[in-house]
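File shown: target_32.cif (mmCIF, C-alpha atoms).
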```
data_entry
#
loop_
_atom_site.label_atom_id
_atom_site.label_comp_id
_atom_site.auth_asym_id
_atom_site.auth_seq_id
_atom_site.Cartn_x
_atom_site.Cartn_y
_atom_site.Cartn_z
CA MET A 389 -27.35 -34.06 3.38
CA PRO A 390 -31.03 -34.88 3.94
CA ARG A 391 -32.06 -38.34 2.74
CA VAL A 392 -28.59 -39.12 1.38
CA ALA A 393 -26.99 -42.14 3.04
CA SER A 394 -23.39 -41.52 2.03
CA ALA A 395 -21.07 -40.06 -0.55
CA TYR A 396 -18.20 -41.77 -2.35
CA ALA A 397 -14.88 -40.24 -3.30
CA TRP A 398 -11.97 -41.37 -5.46
CA GLY A 399 -8.53 -39.86 -5.87
CA ASP A 400 -6.34 -37.88 -3.51
CA GLY A 401 -7.36 -34.61 -1.95
CA GLU A 402 -10.58 -32.62 -1.91
CA PRO A 403 -12.97 -33.49 -4.75
CA THR A 404 -12.86 -31.33 -7.87
CA VAL A 405 -15.45 -33.24 -9.94
CA LEU A 406 -18.99 -34.20 -8.94
CA ALA A 407 -20.81 -36.86 -10.98
CA LEU A 408 -24.61 -37.04 -10.76
CA HIS A 409 -26.52 -40.14 -11.88
CA GLY A 410 -29.85 -40.07 -13.69
CA TRP A 411 -33.33 -40.84 -12.38
CA GLY A 412 -34.03 -44.42 -11.35
CA SER A 413 -30.30 -45.18 -11.25
CA ASP A 414 -27.52 -44.82 -8.69
CA SER A 415 -23.93 -43.63 -8.44
CA THR A 416 -22.51 -46.84 -9.94
CA ALA A 417 -23.90 -45.72 -13.30
CA MET A 418 -21.30 -42.93 -13.32
CA SER A 419 -18.28 -45.23 -12.86
CA SER A 420 -16.92 -44.43 -16.35
CA VAL A 421 -17.04 -40.71 -15.57
CA VAL A 422 -15.25 -41.31 -12.28
CA GLN A 423 -12.54 -43.37 -13.95
CA ALA A 424 -12.01 -40.79 -16.69
CA ALA A 425 -11.81 -37.87 -14.26
CA VAL A 426 -9.46 -39.64 -11.85
CA ALA A 427 -7.25 -40.65 -14.79
CA CYS A 428 -6.92 -36.92 -15.49
CA GLY A 429 -5.77 -36.36 -11.91
CA GLU A 430 -9.12 -35.01 -10.66
CA PRO A 431 -10.48 -36.35 -7.33
CA THR A 432 -14.12 -37.22 -7.96
CA MET A 433 -17.25 -37.60 -5.84
CA CYS A 434 -20.62 -39.29 -6.32
CA PHE A 435 -23.64 -39.87 -4.11
CA ASP A 436 -26.90 -41.78 -4.41
CA ALA A 437 -29.72 -39.27 -4.78
CA PRO A 438 -32.58 -39.29 -2.26
CA GLY A 439 -34.77 -42.33 -2.89
CA HIS A 440 -32.07 -43.96 -5.06
CA GLY A 441 -29.42 -46.59 -4.43
CA VAL A 442 -28.62 -46.95 -0.74
CA SER A 443 -30.19 -43.62 0.17
CA PRO A 444 -33.43 -43.95 2.17
CA GLY A 445 -36.86 -43.98 0.59
CA SER A 446 -38.31 -45.17 -2.68
CA GLN A 447 -39.49 -41.81 -4.00
CA ALA A 448 -37.83 -38.44 -4.45
CA THR A 449 -38.29 -35.06 -6.08
CA ILE A 450 -35.95 -33.03 -8.25
CA THR A 451 -36.04 -30.38 -5.53
CA GLU A 452 -34.54 -32.87 -3.09
CA TYR A 453 -31.87 -33.92 -5.57
CA ALA A 454 -30.98 -30.29 -6.31
CA ARG A 455 -30.84 -29.44 -2.60
CA ALA A 456 -28.51 -32.36 -1.89
CA THR A 457 -26.30 -31.32 -4.81
CA ARG A 458 -26.16 -27.73 -3.59
CA GLU A 459 -25.14 -28.90 -0.12
CA VAL A 460 -22.28 -30.93 -1.60
CA LEU A 461 -21.09 -27.88 -3.56
CA GLN A 462 -21.22 -25.72 -0.44
CA ARG A 463 -19.39 -28.34 1.63
CA PHE A 464 -16.73 -28.84 -1.07
CA PRO A 465 -15.96 -25.51 -2.77
CA SER A 466 -13.06 -27.34 -4.42
CA ILE A 467 -15.53 -28.82 -6.95
CA HIS A 468 -15.05 -26.99 -10.24
CA THR A 469 -16.77 -29.42 -12.63
CA ILE A 470 -20.13 -31.21 -12.54
CA VAL A 471 -21.07 -34.08 -14.83
CA ALA A 472 -24.79 -34.92 -14.87
CA HIS A 473 -26.76 -37.54 -16.78
CA SER A 474 -30.32 -37.23 -18.08
CA LEU A 475 -32.81 -35.79 -15.53
CA ALA A 476 -29.97 -35.08 -13.10
CA SER A 477 -29.11 -32.22 -15.45
CA LEU A 478 -32.06 -30.28 -14.02
CA ALA A 479 -30.85 -30.82 -10.46
CA ALA A 480 -27.30 -29.86 -11.45
CA ILE A 481 -28.26 -26.56 -13.10
CA GLU A 482 -30.60 -25.62 -10.25
CA ALA A 483 -27.84 -26.31 -7.71
CA VAL A 484 -25.23 -24.34 -9.65
CA ALA A 485 -27.62 -21.41 -10.08
CA ARG A 486 -28.28 -21.26 -6.33
CA CYS A 487 -25.01 -22.31 -4.69
CA GLY A 488 -23.40 -18.86 -4.85
CA ALA A 489 -19.87 -17.81 -5.76
CA PRO A 490 -17.42 -19.11 -6.67
CA GLY A 491 -19.21 -22.36 -7.55
CA PRO A 492 -18.38 -24.78 -10.37
CA ARG A 493 -16.86 -23.37 -13.54
CA SER A 494 -17.79 -26.18 -15.93
CA VAL A 495 -20.87 -28.36 -16.31
CA LEU A 496 -21.12 -31.33 -18.64
CA LEU A 497 -24.64 -32.57 -19.39
CA ILE A 498 -24.86 -36.09 -20.78
CA ALA A 499 -28.09 -36.80 -22.72
CA PRO A 500 -29.89 -34.06 -20.76
CA ALA A 501 -33.63 -33.58 -20.47
CA CYS A 502 -34.35 -29.96 -21.34
CA SER A 503 -37.39 -29.67 -19.07
CA LEU A 504 -39.58 -31.77 -16.82
CA SER A 505 -42.64 -30.62 -18.79
CA LEU A 506 -41.27 -32.17 -21.97
CA VAL A 507 -40.43 -35.40 -20.14
CA LEU A 508 -43.96 -35.65 -18.74
CA ASP A 509 -45.57 -34.76 -22.06
CA ARG A 510 -43.66 -37.56 -23.81
CA TRP A 511 -44.46 -40.00 -21.00
CA ALA A 512 -48.18 -39.18 -21.14
CA ALA A 513 -48.26 -39.40 -24.95
CA GLN A 514 -46.59 -42.82 -24.92
CA ARG A 515 -49.36 -44.06 -22.61
CA ASN A 516 -52.21 -42.23 -24.34
CA LEU A 517 -53.23 -40.59 -21.09
CA PRO A 518 -56.18 -38.19 -21.22
CA ASP A 519 -55.32 -34.52 -20.72
CA GLY A 520 -57.16 -34.50 -17.41
CA VAL A 521 -54.95 -37.26 -15.99
CA ALA A 522 -51.78 -35.48 -17.10
CA THR A 523 -53.00 -32.30 -15.41
CA LEU A 524 -53.60 -34.17 -12.16
CA ILE A 525 -50.08 -35.59 -12.34
CA ASP A 526 -48.66 -32.10 -12.79
CA ARG A 527 -50.59 -30.87 -9.75
CA GLU A 528 -49.42 -33.75 -7.60
CA LEU A 529 -45.80 -33.21 -8.61
CA GLU A 530 -46.11 -29.53 -7.76
CA ARG A 531 -47.52 -30.45 -4.35
CA ARG A 532 -44.60 -32.79 -3.64
CA ASP A 533 -41.90 -30.64 -5.21
CA GLY A 534 -42.94 -27.26 -3.90
CA VAL A 535 -42.63 -25.62 -7.33
CA PRO A 536 -44.60 -25.88 -10.58
CA VAL A 537 -43.48 -28.47 -13.12
CA SER A 538 -42.67 -25.57 -15.44
CA HIS A 539 -39.95 -24.44 -13.01
CA TRP A 540 -37.74 -27.31 -14.11
CA ASP A 541 -36.42 -26.03 -17.42
CA ILE A 542 -32.69 -25.69 -18.06
CA ARG A 543 -33.34 -22.74 -20.37
CA THR A 544 -34.82 -20.66 -17.54
CA LEU A 545 -33.15 -21.90 -14.36
CA GLY A 546 -30.50 -19.19 -14.60
CA ILE A 547 -27.12 -20.65 -15.51
CA PRO A 548 -24.45 -18.20 -14.28
CA SER A 549 -22.57 -16.54 -17.13
CA SER A 550 -19.29 -17.66 -15.53
CA VAL A 551 -20.16 -21.35 -16.05
CA GLN A 552 -19.07 -23.09 -19.24
CA LEU A 553 -21.79 -25.51 -20.31
CA ARG A 554 -21.17 -28.50 -22.57
CA ILE A 555 -23.60 -31.11 -23.82
CA VAL A 556 -23.00 -34.53 -25.32
CA HIS A 557 -25.97 -36.41 -26.75
CA ASP A 558 -26.62 -39.33 -29.09
CA PRO A 559 -28.67 -38.05 -32.05
CA ALA A 560 -30.43 -41.43 -32.07
CA ASP A 561 -31.25 -41.43 -28.32
CA ASP A 562 -34.62 -43.15 -27.90
CA VAL A 563 -35.10 -42.19 -24.23
CA VAL A 564 -34.43 -38.45 -24.21
CA PRO A 565 -34.48 -37.14 -27.80
CA PHE A 566 -31.60 -35.17 -29.25
CA SER A 567 -34.01 -32.28 -29.77
CA ASP A 568 -33.82 -31.59 -26.01
CA ALA A 569 -30.09 -30.92 -26.35
CA VAL A 570 -30.73 -28.67 -29.34
CA LEU A 571 -33.29 -26.66 -27.34
CA ILE A 572 -30.79 -26.16 -24.50
CA ALA A 573 -27.97 -25.19 -26.85
CA SER A 574 -30.23 -22.76 -28.72
CA ALA A 575 -31.21 -20.96 -25.51
CA THR A 576 -27.79 -20.91 -23.83
CA THR A 577 -24.11 -20.66 -24.69
CA ALA A 578 -23.71 -24.43 -24.40
CA GLU A 579 -21.38 -26.29 -26.73
CA LEU A 580 -23.21 -29.29 -28.19
CA ARG A 581 -21.32 -32.40 -29.27
CA GLU A 582 -22.93 -35.35 -31.00
CA ALA A 583 -22.04 -38.84 -29.83
CA GLN A 584 -21.77 -41.72 -32.27
CA PRO A 585 -25.34 -42.53 -33.33
CA GLY A 586 -26.52 -45.66 -31.58
CA THR A 587 -24.35 -45.10 -28.49
CA GLY A 588 -27.59 -44.97 -26.54
CA HIS A 589 -28.96 -43.04 -23.61
CA TYR A 590 -26.99 -45.10 -21.09
CA GLY A 591 -24.06 -46.26 -23.20
CA ILE A 592 -23.08 -42.65 -23.81
CA ILE A 593 -21.93 -42.36 -20.19
CA GLY A 594 -18.92 -44.52 -21.01
CA GLY A 595 -18.42 -43.41 -24.59
CA ASP A 596 -15.62 -41.56 -26.35
CA ALA A 597 -17.74 -38.43 -26.77
CA MET A 598 -18.19 -38.19 -23.01
CA ARG A 599 -14.45 -38.55 -22.41
CA ALA A 600 -13.60 -35.89 -24.98
CA ALA A 601 -16.17 -33.48 -23.57
CA LEU A 602 -15.02 -34.14 -20.00
CA THR A 603 -11.42 -33.47 -20.96
CA ALA A 604 -12.50 -30.15 -22.47
CA CYS A 605 -14.40 -29.25 -19.29
CA LEU A 606 -11.46 -30.05 -17.07
CA GLN A 607 -9.07 -28.08 -19.27
CA ALA A 608 -11.41 -25.09 -19.22
CA SER A 609 -11.51 -25.20 -15.43
CA VAL A 610 -7.71 -25.32 -15.24
CA ASP A 611 -7.39 -22.43 -17.69
CA HIS A 612 -9.84 -20.41 -15.59
CA GLU A 613 -7.58 -20.75 -12.55
CA ARG A 614 -4.55 -19.36 -14.39
#
```

Using structure tokens, write down the structure that the file contains.
Amino acid sequence: MPRVASAYAWGDGEPTVLALHGWGSDSTAMSSVVQAAVACGEPTMCFDAPGHGVSPGSQATITEYARATREVLQRFPSIHTIVAHSLASLAAIEAVARCGAPGPRSVLLIAPACSLSLVLDRWAAQRNLPDGVATLIDRELERRDGVPVSHWDIRTLGIPSSVQLRIVHDPADDVVPFSDAVLIASATTAELREAQPGTGHYGIIGGDAMRAALTACLQASVDHER
């Protein structure tokens, strides 16, 4: 995988679950997901995204993250479930949409960002940036990413109809608002579950709502194989 130093696997056999960490984090953030999946008998894999953790570089694009994810899925067709946190949700859906059949059957999005445009709009508003500056940022991101910022929207990336999508989100999340999850659920067939208010954008990764949603994803993948 380009700009990915290494991948980590737990459990016996080929991986069946892939856990993707959020932006500015690394694979250790997904340890609770790994533990929960392995406890269910599912070998699980993580990797540090380009420019994150031990992977080379200090910058990355969502395109690079999605490409690395797609390469993992193609190398390990045994993966039937993806769990992605925050901005990694965009990379996960892009990879699933482009990896080809059979591909994963279940995707769990934890506190997902609905679109990169919404993320940037909130970021610019918090800093009171002039519209002209925000436009320049969008142009620079498009230059680096190879696609317009508007490309990165879970509602339009093209989730295959065969994939069961679940979302778990804290209604009091102060990093990525719960309204992002509502937008995704309204535009897709995703099942939306609320976490305990106050669980937090990062605490939700190890919360009961995540474990319940993951169990449902894994069961759905098993049922699909029958």

| message | Need the shell around range 533-545 of chain A: protein/DNA/RNA residues with any atom at most 9 Å away, counting only C-alpha atoms. Skip same-chain ones fewer than 3 positions apart. Format as a VMD selection string? | response | chain A and resid 448 to 452 477 to 479 481 to 482 485 501 to 505 526 to 530 571 to 576

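Near Tyr590 in chain A, within a cut-off of 9 Å and counting all atoms listed in the file, sit the residues A:Ala417, A:His473, A:Ala499, with same-chain residues fewer than 6 positions away left out.
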
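The smallest atom-to-atom distance between Ile470 in chain A and any of A:Cys487, A:Leu553, A:Val521, A:Val426, using all atoms listed in the file, is found for A:Leu553.
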
| message | Once the PyMOL selection byres ((chain A and resi 596-608) around 8) has been evaluated on this model, what residues remain selected, and can you format them as JSON, numbers by chain? | response | {"A": [421, 424, 425, 428, 469, 471, 494, 495, 496, 498, 552, 554, 555, 556, 581, 582, 583, 584, 592, 593, 594, 595, 609, 610, 611, 612]}

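Ranking A:Gln423, A:Ser550, A:Ser443, A:Thr457 by their shortest atom-to-atom distance to Trp398 in chain A, with all atoms listed in the file included, puts A:Gln423 first.
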